[in-house]
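To start, the structure under review is shown below, and the notes come after it.
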Amino acid sequence: MGQAEALTALAAIGDSEFDRDTAVTPRPGEPGVYDAELSAGWTIITAVNGGYLLALIGRALSQALPHPDPVTVSAHYLTPSTAGPALVRTELIKSGRTLSTGQASLYQYDDSGAEVERIRVIARYGDLDSLPADVRTTATAPSLPPYDHCLGREDGPAPIPGSSEITERLDLRLDPATAGWAIGAPSGKGEMRAWFGLADGRDADPISLLLAVDALPPTAFEMGLLGWAPTVELTTHIRCRPAPGPLRISITTRNLAGGFLEEDAEVWDSADRLVAQSRQLAAAPRT
């Protein structure tokens, strides 16, 4: 990358920590290949958060594909990622008038320098600004107490036992009705609700929505199961470009069986629009 291109890339990143930490750099002479640095600031215990990783891969795909915005993204998490160097290999599968289809894999390196695949993604991208305005829905926004009546990280213990660096990067305000786990009194229901924003004040966009769907504490916490709930598979649908302001997120689990649970997430913007949906299969915490 030449000096002019590097300066352009830095200007595009801006002052947002999220943008800097999800930045990818095209590898010279290797079309569709991007170098990245996974930041320790988005870790939970020792692993890097799956939503952050999906956003980083989503950014690479937005550069590699003819269309700019994620519409549907399905990711399989193969091995845990750690802070440090990584690369993303992308491939254009099909380019159409309204949607393009691509795949991507994120790799890191073992002690011998060999590539180890961490995540494999298939996605379809489009232009969210060109979507029709017609909306017909029975979905309703989650009922949350006012922002100032919800609980932030300063109101209790760290959301996840051990290291939770990601909580310093997020402005999460949990619904007290889904925060009983933090005081040793979980409700027993697989529910989690919160106001969501980035701590640096950056407004949401389609790439940060890929983080938002996996940014709340696991619903397993309110079921009395504390510990890491690693993602097995995560499919996200981006429905429209979010309006400025905080998001509201609701996540529910109906079935924990065989050591796995599903999490269905809805993300609503300040204009009361359903801007993202996801379903995740995760391993239940072992403690």
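If you're wondering about the labels, chains in the structure tokens are A, B, ... by order shown, residues count from 1 in each chain, ligands from 1 in order shown.
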
Set the distance at 8 Å and use only C-alpha atoms: which residues neighbour Glu117 in chain A once local chain neighbours fewer than 3 positions away are removed? I'd like the list as a PyMOL selection string. chain A and resi 78-79+105-108+120

Using DSSP on the backbone coordinates, identify the residues of range 125-251 of chain A assigned to alpha helix (DSSP H); present them as a list in words. Pro206, Ile207, Ser208, Leu209, Leu210, Leu211 and Ala212 of chain A

Within 12 Å of range 53-62 of chain A, which residues of range 187-273 of chain A come that close, and what is the closest atom pair and distance in Å for each? Count only C-alpha atoms and give it as a tab-separated table.
```
residue	atom	partner	partner_atom	distance
A:Ala204	CA	A:Ala55	CA	11.9
A:Asp205	CA	A:Ala55	CA	10.6
A:Pro206	CA	A:Ala55	CA	9.0
A:Ile207	CA	A:Ala55	CA	5.5
A:Ser208	CA	A:Ala55	CA	6.3
A:Leu209	CA	A:Ala55	CA	7.8
A:Leu210	CA	A:Ala55	CA	5.2
A:Leu211	CA	A:Ala55	CA	5.7
A:Ala212	CA	A:Ala55	CA	9.3
A:Val213	CA	A:Leu54	CA	10.1
A:Asp214	CA	A:Leu54	CA	9.3
A:Ala215	CA	A:Leu53	CA	11.3
A:Thr231	CA	A:Leu54	CA	11.3
A:Glu233	CA	A:Leu54	CA	11.1
A:Leu234	CA	A:Leu54	CA	9.1
A:Thr235	CA	A:Leu54	CA	10.1
A:Thr236	CA	A:Leu54	CA	9.7
A:Ile238	CA	A:Gly58	CA	11.7
```

May I ask which of the residues A:Thr25, A:Thr43, A:Thr101, A:Thr252 is the closest one to Pro70 in chain A, counting only C-alpha atoms? A:Thr101
